[in-house]
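Student: To be precise about what I am sending: the file is called work.csv and holds CSV, C-alpha atoms.
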```csv
chain,number,residue,atom,x,y,z
A,76,MET,CA,6.1,8.5,31.1
A,77,LYS,CA,3.6,6.4,29.2
A,78,GLU,CA,4.6,2.7,29.0
A,79,ILE,CA,3.4,0.3,26.3
A,80,ASP,CA,4.0,-3.4,26.7
A,81,CYS,CA,5.3,-5.4,23.8
A,82,LYS,CA,2.5,-7.9,24.4
A,83,LYS,CA,0.0,-5.2,23.5
A,84,ILE,CA,1.9,-4.5,20.3
A,85,THR,CA,1.9,-8.2,19.4
A,86,GLU,CA,-1.8,-8.5,20.1
A,87,THR,CA,-2.6,-5.5,18.0
A,88,VAL,CA,-0.5,-6.5,15.0
A,89,ALA,CA,-2.0,-10.0,15.1
A,90,ARG,CA,-5.5,-8.6,15.0
A,91,LEU,CA,-4.7,-5.9,12.3
A,92,CYS,CA,-3.2,-8.6,10.0
A,93,GLN,CA,-6.5,-10.5,10.1
A,94,GLU,CA,-8.7,-7.4,9.8
A,95,ALA,CA,-6.6,-6.1,6.8
A,96,ASN,CA,-7.1,-9.3,5.0
A,97,TYR,CA,-10.8,-9.7,5.7
A,98,TYR,CA,-12.2,-6.1,5.6
A,99,LEU,CA,-11.7,-3.5,2.9
A,100,GLY,CA,-11.7,0.0,4.4
A,101,GLU,CA,-14.7,2.3,3.8
A,102,ASP,CA,-12.5,4.6,1.8
A,103,VAL,CA,-11.7,1.8,-0.6
A,104,LEU,CA,-15.3,0.6,-0.9
A,105,ALA,CA,-16.4,4.2,-1.5
A,106,ALA,CA,-13.8,4.6,-4.2
A,107,LEU,CA,-14.9,1.4,-6.0
A,108,ARG,CA,-18.5,2.6,-5.9
A,109,ARG,CA,-17.5,5.9,-7.4
A,110,ALA,CA,-15.5,4.0,-10.0
A,111,MET,CA,-18.7,2.1,-11.0
A,112,ALA,CA,-20.5,5.3,-11.5
A,113,LYS,CA,-17.7,6.7,-13.7
A,114,GLU,CA,-16.9,3.5,-15.7
A,115,LYS,CA,-18.2,3.6,-19.2
A,116,SER,CA,-17.5,0.0,-20.1
A,117,PRO,CA,-20.3,-2.5,-19.3
A,118,LEU,CA,-17.6,-5.2,-18.8
A,119,GLY,CA,-15.7,-2.9,-16.5
A,120,ARG,CA,-18.7,-2.1,-14.4
A,121,ARG,CA,-19.4,-5.9,-14.0
A,122,ALA,CA,-15.8,-6.4,-12.9
A,123,LEU,CA,-16.2,-3.6,-10.3
A,124,ALA,CA,-19.5,-5.1,-9.1
A,125,ARG,CA,-17.7,-8.4,-8.5
A,126,MET,CA,-15.0,-6.7,-6.5
A,127,LEU,CA,-17.6,-5.2,-4.2
A,128,GLU,CA,-19.4,-8.5,-4.0
A,129,ASN,CA,-16.1,-10.2,-3.1
A,130,ALA,CA,-15.5,-7.6,-0.4
A,131,GLU,CA,-18.9,-8.3,1.1
A,132,ILE,CA,-18.4,-12.1,1.2
A,133,ALA,CA,-14.9,-11.7,2.7
A,134,ALA,CA,-16.3,-9.6,5.5
A,135,GLU,CA,-19.3,-11.7,6.2
A,136,GLU,CA,-17.4,-15.0,6.2
A,137,LYS,CA,-14.1,-13.7,7.6
A,138,ILE,CA,-12.1,-15.1,4.7
A,139,PRO,CA,-9.3,-13.4,2.8
A,140,LEU,CA,-10.2,-10.9,0.1
A,141,CYS,CA,-7.5,-12.4,-2.1
A,142,GLN,CA,-5.5,-15.7,-2.1
A,143,ASP,CA,-2.3,-13.6,-1.9
A,144,THR,CA,-2.5,-12.4,1.7
A,145,GLY,CA,0.7,-10.5,1.1
A,146,ILE,CA,3.9,-9.5,2.6
A,147,VAL,CA,3.3,-7.6,5.8
A,148,VAL,CA,4.6,-4.0,5.9
A,149,VAL,CA,4.3,-2.4,9.3
A,150,TYR,CA,4.7,1.3,10.0
A,151,LEU,CA,5.5,2.4,13.5
A,152,ASP,CA,5.2,6.0,14.4
A,153,ILE,CA,6.8,6.0,17.9
A,154,GLY,CA,6.1,8.9,20.2
A,155,GLN,CA,9.3,10.2,21.8
A,156,ASP,CA,7.5,10.4,25.2
A,157,ILE,CA,6.6,6.7,25.4
A,158,HIS,CA,8.6,3.8,26.9
A,159,ILE,CA,8.2,0.4,25.3
A,160,VAL,CA,8.7,-2.4,27.9
A,161,GLY,CA,8.5,-6.1,28.1
A,162,GLY,CA,10.8,-7.1,25.1
A,163,ASP,CA,12.1,-6.0,21.7
A,164,VAL,CA,9.6,-4.0,19.6
A,165,ASN,CA,10.7,-5.5,16.3
A,166,GLU,CA,10.3,-9.1,17.6
A,167,ALA,CA,6.9,-8.1,19.1
A,168,VAL,CA,5.8,-7.1,15.6
A,169,HIS,CA,7.1,-10.3,14.0
A,170,GLU,CA,5.4,-12.3,16.7
A,171,GLY,CA,2.1,-10.4,15.9
A,172,VAL,CA,2.4,-11.3,12.2
A,173,ARG,CA,3.2,-14.9,13.2
A,174,GLN,CA,0.2,-15.2,15.4
A,175,GLY,CA,-2.2,-13.3,13.1
A,176,TYR,CA,-1.4,-15.4,10.0
A,177,ASN,CA,-1.6,-18.7,11.9
A,178,GLN,CA,-4.8,-17.8,13.8
A,179,GLY,CA,-6.4,-16.4,10.7
A,180,TYR,CA,-5.4,-19.3,8.4
A,181,LEU,CA,-3.8,-16.8,6.0
A,182,ARG,CA,-1.4,-17.9,3.3
A,183,LYS,CA,2.2,-17.8,4.3
A,184,SER,CA,4.3,-16.4,1.4
A,185,MET,CA,7.7,-15.4,2.8
A,186,VAL,CA,10.8,-17.3,1.8
A,187,THR,CA,14.4,-17.3,3.0
A,188,GLN,CA,17.4,-17.7,0.7
A,189,PRO,CA,15.4,-15.9,-2.0
A,190,PHE,CA,18.0,-16.4,-4.8
A,191,SER,CA,18.5,-20.1,-4.2
A,192,ALA,CA,16.6,-22.6,-2.0
A,193,ARG,CA,13.5,-20.3,-1.4
A,194,VAL,CA,12.5,-22.0,1.8
A,195,ASN,CA,9.1,-20.9,3.2
A,196,THR,CA,9.2,-19.5,6.7
A,197,ASN,CA,5.8,-21.0,7.3
A,198,ASP,CA,4.5,-18.0,9.4
A,199,ASN,CA,4.8,-15.1,6.9
A,200,THR,CA,7.6,-13.5,8.9
A,201,PRO,CA,9.7,-11.5,8.8
A,202,ALA,CA,7.6,-8.4,8.5
A,203,ILE,CA,9.0,-5.3,6.8
A,204,ILE,CA,9.1,-2.7,9.5
A,205,HIS,CA,9.5,1.1,9.1
A,206,THR,CA,9.9,3.1,12.2
A,207,GLU,CA,9.8,6.9,12.7
A,208,ILE,CA,10.2,8.9,16.0
A,209,VAL,CA,7.5,11.5,16.3
A,210,SER,CA,6.3,13.9,19.0
A,211,GLY,CA,3.8,12.9,21.6
A,212,ASP,CA,3.1,9.8,23.8
A,213,ASN,CA,1.3,7.5,21.3
A,214,LEU,CA,2.4,4.6,19.2
A,215,HIS,CA,0.7,4.5,15.8
A,216,ILE,CA,0.7,1.2,14.1
A,217,ALA,CA,-0.3,0.7,10.4
A,218,VAL,CA,-0.3,-2.7,8.9
A,219,MET,CA,-0.4,-3.2,5.1
A,220,ALA,CA,-0.9,-6.6,3.6
A,221,LYS,CA,0.8,-6.0,0.2
A,222,GLY,CA,0.1,-8.4,-2.6
A,223,GLU,CA,3.0,-9.3,-4.8
A,224,GLY,CA,1.1,-8.9,-8.1
A,225,SER,CA,1.1,-5.2,-7.5
A,226,GLU,CA,4.5,-5.0,-5.7
A,227,ASN,CA,6.2,-6.7,-8.7
A,228,THR,CA,5.2,-3.7,-10.9
A,229,SER,CA,7.2,-1.2,-8.7
A,230,ARG,CA,9.6,1.0,-10.6
A,231,PHE,CA,12.4,3.4,-9.7
A,232,THR,CA,14.4,5.9,-11.7
A,233,ILE,CA,16.6,9.0,-11.3
A,234,LEU,CA,15.5,11.6,-13.8
A,235,ASN,CA,17.6,14.6,-14.8
A,236,PRO,CA,16.4,17.7,-12.9
A,237,ALA,CA,15.6,19.3,-16.2
A,238,ASP,CA,12.9,16.6,-16.8
A,239,GLY,CA,10.9,18.3,-14.1
A,240,ARG,CA,7.2,17.9,-13.6
A,241,GLN,CA,6.5,16.4,-17.0
A,242,GLY,CA,9.2,13.8,-16.6
A,243,VAL,CA,7.6,12.7,-13.4
A,244,ILE,CA,4.2,12.4,-15.0
A,245,ASP,CA,5.5,10.5,-18.0
A,246,PHE,CA,7.4,8.0,-15.8
A,247,ALA,CA,4.4,7.4,-13.6
A,248,VAL,CA,2.0,6.9,-16.6
A,249,LYS,CA,4.5,4.6,-18.4
A,250,THR,CA,4.8,2.5,-15.2
A,251,VAL,CA,1.0,1.9,-15.1
A,252,ASP,CA,0.8,1.3,-18.8
A,253,GLU,CA,3.6,-1.3,-18.8
A,254,ALA,CA,2.0,-3.0,-15.7
A,255,GLY,CA,-1.2,-3.5,-17.6
A,256,SER,CA,-3.5,-6.0,-15.8
A,257,ASN,CA,-0.8,-7.4,-13.6
A,258,PRO,CA,-1.5,-5.3,-10.5
A,259,CYS,CA,-5.2,-6.0,-10.6
A,260,PRO,CA,-6.6,-2.6,-11.5
A,261,PRO,CA,-8.2,-0.3,-10.7
A,262,VAL,CA,-5.0,0.6,-8.8
A,263,ILE,CA,-3.9,3.2,-6.4
A,264,VAL,CA,-0.7,4.8,-7.6
A,265,GLY,CA,1.9,5.5,-4.8
A,266,LEU,CA,4.4,8.0,-6.0
A,267,GLY,CA,7.6,9.0,-4.2
A,268,ILE,CA,9.6,12.0,-5.4
A,269,GLY,CA,12.9,13.3,-4.1
A,270,GLY,CA,15.3,12.2,-1.4
A,271,THR,CA,17.7,9.3,-2.2
A,272,ALA,CA,17.1,6.0,-4.0
A,273,GLY,CA,16.1,4.4,-0.7
A,274,ARG,CA,14.1,7.3,0.6
A,275,THR,CA,11.9,7.8,-2.5
A,276,LEU,CA,11.0,4.1,-2.6
A,277,VAL,CA,9.8,4.3,1.0
A,278,LEU,CA,7.8,7.4,0.2
A,279,ALA,CA,6.1,5.7,-2.7
A,280,LYS,CA,4.8,2.9,-0.5
A,281,LYS,CA,4.0,5.1,2.4
A,282,ALA,CA,1.8,7.2,0.1
A,283,LEU,CA,-0.5,4.2,-0.1
A,284,LEU,CA,-1.4,4.6,3.6
A,285,ARG,CA,-3.4,7.7,2.8
A,286,LYS,CA,-7.2,7.4,2.6
A,287,VAL,CA,-8.0,6.6,-1.1
A,288,GLY,CA,-8.5,9.8,-3.0
A,289,GLU,CA,-7.4,12.1,-0.2
A,290,PRO,CA,-5.2,14.7,-1.9
A,291,ASN,CA,-1.8,15.8,-0.7
A,292,PRO,CA,-2.2,18.9,1.5
A,293,ASP,CA,0.3,20.8,-0.7
A,294,PRO,CA,-1.7,22.3,-3.6
A,295,GLU,CA,1.1,21.9,-6.1
A,296,ILE,CA,1.5,18.2,-5.3
A,297,ALA,CA,-2.3,17.7,-5.3
A,298,ALA,CA,-2.4,19.2,-8.8
A,299,LEU,CA,0.3,16.8,-9.9
A,300,GLU,CA,-1.8,13.9,-8.5
A,301,ARG,CA,-4.8,15.0,-10.5
A,302,ASP,CA,-2.9,15.4,-13.7
A,303,ILE,CA,-1.3,11.9,-13.4
A,304,LEU,CA,-4.7,10.3,-12.6
A,305,HIS,CA,-6.3,11.9,-15.6
A,306,ARG,CA,-3.5,10.6,-17.9
A,307,VAL,CA,-3.6,7.1,-16.3
A,308,ASN,CA,-7.3,6.8,-16.8
A,309,ARG,CA,-6.9,7.6,-20.5
A,310,LEU,CA,-4.8,4.5,-21.0
A,311,GLY,CA,-7.9,2.3,-21.5
A,312,ILE,CA,-6.6,-0.6,-19.3
A,313,GLY,CA,-9.8,-0.6,-17.1
A,314,PRO,CA,-10.9,-2.8,-14.3
A,315,VAL,CA,-8.9,-6.1,-14.2
A,316,GLY,CA,-7.4,-5.1,-17.5
A,317,PHE,CA,-10.7,-5.7,-19.3
A,318,GLY,CA,-10.6,-2.2,-20.9
A,319,GLY,CA,-12.4,0.8,-19.7
A,320,THR,CA,-12.2,4.3,-18.3
A,321,VAL,CA,-11.1,3.6,-14.7
A,322,THR,CA,-7.6,2.2,-14.5
A,323,ALA,CA,-6.8,4.0,-11.2
A,324,LEU,CA,-8.8,5.0,-8.2
A,325,ALA,CA,-6.3,7.6,-7.1
A,326,VAL,CA,-2.8,8.9,-7.2
A,327,HIS,CA,-1.0,9.6,-3.9
A,328,ALA,CA,2.3,11.5,-4.1
A,329,GLU,CA,4.8,12.2,-1.3
A,330,VAL,CA,7.7,14.5,-1.9
A,331,SER,CA,11.1,15.1,-0.2
A,332,PRO,CA,14.0,17.5,-0.8
A,333,CYS,CA,16.8,16.0,-2.9
A,334,HIS,CA,20.3,16.8,-4.3
A,335,ILE,CA,20.7,19.6,-6.8
A,336,SER,CA,21.9,17.1,-9.5
A,337,ALA,CA,19.1,14.5,-9.2
A,338,LEU,CA,15.4,13.9,-9.4
A,339,PRO,CA,14.6,10.4,-7.9
A,340,VAL,CA,11.2,9.1,-8.7
A,341,ALA,CA,9.6,5.8,-7.5
A,342,VAL,CA,6.2,4.2,-8.3
A,343,ASN,CA,4.5,1.6,-6.1
A,344,LEU,CA,1.2,0.4,-7.3
A,345,GLN,CA,-1.5,-1.0,-5.0
A,346,CYS,CA,-4.2,-3.3,-6.3
A,347,HIS,CA,-7.9,-2.6,-5.9
A,348,SER,CA,-7.8,-4.7,-2.7
A,349,ALA,CA,-6.0,-2.1,-0.8
A,350,ARG,CA,-5.5,-3.7,2.6
A,351,VAL,CA,-4.5,-1.4,5.4
A,352,LYS,CA,-5.5,-1.3,9.0
A,353,GLU,CA,-4.3,1.1,11.7
A,354,GLU,CA,-4.5,1.6,15.5
A,355,VAL,CA,-3.1,4.0,18.0
A,356,LEU,CA,-1.9,2.7,21.4
```
Let me see the structure of the file written as structure tokens.
Tutor:
Amino acid sequence: MKEIDCKKITETVARLCQEANYYLGEDVLAALRRAMAKEKSPLGRRALARMLENAEIAAEEKIPLCQDTGIVVVYLDIGQDIHIVGGDVNEAVHEGVRQGYNQGYLRKSMVTQPFSARVNTNDNTPAIIHTEIVSGDNLHIAVMAKGEGSENTSRFTILNPADGRQGVIDFAVKTVDEAGSNPCPPVIVGLGIGGTAGRTLVLAKKALLRKVGEPNPDPEIAALERDILHRVNRLGIGPVGFGGTVTALAVHAEVSPCHISALPVAVNLQCHSARVKEEVL
């Protein structure tokens, strides 16, 4: 049986935290370049050019893409044929975040006692960890540095089943419209449909792990993504809210079965600085 030491997990998470904050993925950069070609507003195009320039400077100087270096969301796909040794896997992840944010001089934004004292933990822990047992003998680690400007615009509802496809579209578009410039557009729209209240919120954020613009493999869901993207980009919010034709780079939807009497829907927006890094151990 393949063994993975917790020290390796800590080292990997620490490195991915820094890389996520310094380097935009090629998929995000390509999406921003496509947006520049499509954007009709001169001011919007200038804003997109500054985003690309910002990404170039961050990568060259190894400085954060944004002052909000985010809450760390870690996804662990744990192969059922591996054995994790040398400690507790969750603590290994937290220690990786602790080391990564200290070594990288990244802003620490996590507070305890959130409704009262709001005391900073001073190391950006704890991370938010999602684990899933999968087949195989690999450990897939995905680290997302999620800024709160976009996270604060998350929305959840339970529609009537009769609201159907159009109800999902209307809710997603309304969420982006009401968010306005707050999530730093152009955004990526993460959409979760089905499951339970908790499950659909997880799906909405997990949808943001997909390469920007990569459609859902299910043709029906992919068509829904395209229709929502078309509606969103007719809102006129534009890059950074300056007005324009590109409010969203992509819509990514994930769908789960649900109860016959409900239609849960969640939206989780990602800013243009979509910071995700992954590695397989």
Student: Which residues are near Leu284 (chain A)? Cut-off 10 Å, all atoms listed in the file, ignore same chain within fewer than 2 positions. Put them as a PDB file with C-alpha atoms, in the coordinates of the input.
Tutor:
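Listing of out37.pdb after writing:
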```pdb
ATOM      1  CA  TYR A 150       4.700   1.300  10.000  1.00  0.00           C
ATOM      2  CA  ALA A 217      -0.300   0.700  10.400  1.00  0.00           C
ATOM      3  CA  VAL A 218      -0.300  -2.700   8.900  1.00  0.00           C
ATOM      4  CA  MET A 219      -0.400  -3.200   5.100  1.00  0.00           C
ATOM      5  CA  GLY A 265       1.900   5.500  -4.800  1.00  0.00           C
ATOM      6  CA  ALA A 279       6.100   5.700  -2.700  1.00  0.00           C
ATOM      7  CA  LYS A 280       4.800   2.900  -0.500  1.00  0.00           C
ATOM      8  CA  LYS A 281       4.000   5.100   2.400  1.00  0.00           C
ATOM      9  CA  ALA A 282       1.800   7.200   0.100  1.00  0.00           C
ATOM     10  CA  LYS A 286      -7.200   7.400   2.600  1.00  0.00           C
ATOM     11  CA  VAL A 287      -8.000   6.600  -1.100  1.00  0.00           C
ATOM     12  CA  HIS A 327      -1.000   9.600  -3.900  1.00  0.00           C
ATOM     13  CA  ALA A 349      -6.000  -2.100  -0.800  1.00  0.00           C
ATOM     14  CA  ARG A 350      -5.500  -3.700   2.600  1.00  0.00           C
ATOM     15  CA  VAL A 351      -4.500  -1.400   5.400  1.00  0.00           C
ATOM     16  CA  LYS A 352      -5.500  -1.300   9.000  1.00  0.00           C
ATOM     17  CA  GLU A 353      -4.300   1.100  11.700  1.00  0.00           C
TER      18      GLU A 353
END
```
Student: At what distance in Å, to one decimal, does CA of Leu104 (chain A) lie from CA of Glu135 (chain A)?
Tutor: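 Here the two named atoms are 14.8 Å from each other.
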Student: Restricting the calculation to only C-alpha atoms, which member of A:Gly154, A:Gly255, A:Gly239, A:Gly224 is positioned closest to Asp212 (chain A)?
Tutor: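 Among A:Gly154, A:Gly255, A:Gly239, A:Gly224, it is A:Gly154 that comes nearest to Asp212 (chain A).
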Student: Could you jot down the CA of Val277 (chain A) to CA of His205 (chain A) separation for me, Å, one decimal place?
Tutor: 8.7 Å
Student: Just to confirm, what's the straight-line distance from CA of Met126 (chain A) to CA of Ala106 (chain A) in Å (one decimal)?
Tutor: 11.6 Å
Student: Up to 8 Å from (7.4, -8.4, 7.2) in the file's coordinates: name the residues, counting all atoms listed in the file, as a list in words.
Tutor: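 Final list of nearby residues, as requested, is Ile146, Val147, Val148, Val149, His169, Val172, Asn199, Thr200, Pro201, Ala202, Ile203 and Ile204 of chain A.
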Student: Out of A:Glu223, A:Glu170, A:Asp152, A:Asp252, which residue has the shortest atom-to-atom distance to Ile208 (chain A) when counting all atoms listed in the file?
Tutor: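 Among A:Glu223, A:Glu170, A:Asp152, A:Asp252, it is A:Asp152 that comes nearest to Ile208 (chain A).
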Student: Counting all atoms listed in the file, figure out which residue out of A:Gly273, A:Cys81, A:Ser348, A:Ile132 gets nearest to Ile233 (chain A).
Tutor: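 Result for the nearest residue to Ile233 (chain A): A:Gly273.
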Student: Which residue, A:Thr250, A:Asn308, A:Ser336, A:Asn129, has the smallest gap to Ala110 (chain A) when you use only C-alpha atoms?
Tutor: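 Of A:Thr250, A:Asn308, A:Ser336, A:Asn129, the one nearest Ala110 (chain A) is A:Asn308, counting only C-alpha atoms.
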Student: Would you mind telling me which residue in A:Ile216, A:Pro117, A:Arg109, A:Val103 lies nearest to Gln345 (chain A) when using only C-alpha atoms?
Tutor: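 Between A:Ile216, A:Pro117, A:Arg109, A:Val103, the residue approaching Gln345 (chain A) most closely is A:Val103.
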Student: Looking at only C-alpha atoms, which of A:Ser191, A:Asn197, A:Asn96, A:Thr320 is the one that sits closest to Asp143 (chain A)?
Tutor: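 Distance minimum relative to Asp143 (chain A) lands on A:Asn96.
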Student: Just the residues within 10 Å of Val262 (chain A), please, counting all atoms listed in the file, with nothing from its chain fewer than 5 positions along; format it as a ChimeraX atom specification.
Tutor: /A:225,251,256,313-315,321-326,343-349
Student: Can you pull out the residues contacting Asp293 (chain A)? Cut-off 12 Å, using only C-alpha atoms, and skip same-chain residues under 6 positions away; I want them as a list of chain:residue names.
Tutor: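 The filter keeps A:Leu299, A:Glu300, A:His327, A:Ala328, A:Glu329, A:Val330.
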Student: Write out the residues from the selection above, keeping C-alpha atoms, as a compact mmCIF listing (two decimals), in the frame of the given file.
Tutor:
```txt
# COMPACT_ATOMS: atom_id res chain seq x y z
CA LEU A 299 0.30 16.80 -9.90
CA GLU A 300 -1.80 13.90 -8.50
CA HIS A 327 -1.00 9.60 -3.90
CA ALA A 328 2.30 11.50 -4.10
CA GLU A 329 4.80 12.20 -1.30
CA VAL A 330 7.70 14.50 -1.90
```
Student: For region 136-153 of chain A of the block above, can you save N, CA and C atoms as a PDB file, in the first residue's frame?
Tutor:
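Once written, out-v8.pdb looks like this:
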```
ATOM      1  N   GLU A 136       7.794  39.423  -9.266  1.00  0.00           N
ATOM      2  CA  GLU A 136       8.330  39.867  -7.980  1.00  0.00           C
ATOM      3  C   GLU A 136       7.928  38.967  -6.805  1.00  0.00           C
ATOM      4  N   LYS A 137       7.118  37.947  -7.103  1.00  0.00           N
ATOM      5  CA  LYS A 137       6.628  37.045  -6.059  1.00  0.00           C
ATOM      6  C   LYS A 137       5.980  37.826  -4.924  1.00  0.00           C
ATOM      7  N   ILE A 138       5.000  38.620  -5.315  1.00  0.00           N
ATOM      8  CA  ILE A 138       4.190  39.366  -4.362  1.00  0.00           C
ATOM      9  C   ILE A 138       2.722  39.025  -4.619  1.00  0.00           C
ATOM     10  N   PRO A 139       1.853  39.190  -3.625  1.00  0.00           N
ATOM     11  CA  PRO A 139       0.466  38.773  -3.796  1.00  0.00           C
ATOM     12  C   PRO A 139      -0.250  39.507  -4.930  1.00  0.00           C
ATOM     13  N   LEU A 140      -1.082  38.765  -5.636  1.00  0.00           N
ATOM     14  CA  LEU A 140      -1.912  39.340  -6.696  1.00  0.00           C
ATOM     15  C   LEU A 140      -2.901  40.352  -6.127  1.00  0.00           C
ATOM     16  N   CYS A 141      -3.311  40.153  -4.872  1.00  0.00           N
ATOM     17  CA  CYS A 141      -4.294  41.021  -4.225  1.00  0.00           C
ATOM     18  C   CYS A 141      -3.929  41.145  -2.759  1.00  0.00           C
ATOM     19  N   GLN A 142      -4.273  42.279  -2.156  1.00  0.00           N
ATOM     20  CA  GLN A 142      -3.967  42.463  -0.736  1.00  0.00           C
ATOM     21  C   GLN A 142      -4.765  41.496   0.119  1.00  0.00           C
ATOM     22  N   ASP A 143      -5.942  41.066  -0.353  1.00  0.00           N
ATOM     23  CA  ASP A 143      -6.712  40.055   0.362  1.00  0.00           C
ATOM     24  C   ASP A 143      -6.219  38.689  -0.106  1.00  0.00           C
ATOM     25  N   THR A 144      -5.352  38.081   0.683  1.00  0.00           N
ATOM     26  CA  THR A 144      -4.790  36.790   0.309  1.00  0.00           C
ATOM     27  C   THR A 144      -5.693  35.622   0.704  1.00  0.00           C
ATOM     28  N   GLY A 145      -6.879  35.959   1.182  1.00  0.00           N
ATOM     29  CA  GLY A 145      -7.956  34.993   1.241  1.00  0.00           C
ATOM     30  C   GLY A 145      -8.011  34.054   2.423  1.00  0.00           C
ATOM     31  N   ILE A 146      -9.149  33.419   2.498  1.00  0.00           N
ATOM     32  CA  ILE A 146      -9.329  32.270   3.367  1.00  0.00           C
ATOM     33  C   ILE A 146      -8.879  31.068   2.545  1.00  0.00           C
ATOM     34  N   VAL A 147      -8.184  30.114   3.157  1.00  0.00           N
ATOM     35  CA  VAL A 147      -7.655  28.976   2.407  1.00  0.00           C
ATOM     36  C   VAL A 147      -8.663  27.822   2.441  1.00  0.00           C
ATOM     37  N   VAL A 148      -9.116  27.435   1.259  1.00  0.00           N
ATOM     38  CA  VAL A 148     -10.031  26.307   1.106  1.00  0.00           C
ATOM     39  C   VAL A 148      -9.240  25.186   0.451  1.00  0.00           C
ATOM     40  N   VAL A 149      -9.168  24.043   1.115  1.00  0.00           N
ATOM     41  CA  VAL A 149      -8.360  22.920   0.636  1.00  0.00           C
ATOM     42  C   VAL A 149      -9.269  21.730   0.342  1.00  0.00           C
ATOM     43  N   TYR A 150      -9.101  21.184  -0.864  1.00  0.00           N
ATOM     44  CA  TYR A 150      -9.841  19.999  -1.277  1.00  0.00           C
ATOM     45  C   TYR A 150      -8.879  18.818  -1.330  1.00  0.00           C
ATOM     46  N   LEU A 151      -9.210  17.770  -0.600  1.00  0.00           N
ATOM     47  CA  LEU A 151      -8.394  16.564  -0.578  1.00  0.00           C
ATOM     48  C   LEU A 151      -9.191  15.409  -1.174  1.00  0.00           C
ATOM     49  N   ASP A 152      -8.773  14.915  -2.333  1.00  0.00           N
ATOM     50  CA  ASP A 152      -9.327  13.691  -2.885  1.00  0.00           C
ATOM     51  C   ASP A 152      -8.375  12.570  -2.486  1.00  0.00           C
ATOM     52  N   ILE A 153      -8.793  11.765  -1.532  1.00  0.00           N
ATOM     53  CA  ILE A 153      -7.923  10.759  -0.918  1.00  0.00           C
ATOM     54  C   ILE A 153      -8.198   9.397  -1.539  1.00  0.00           C
TER      55      ILE A 153
END
```
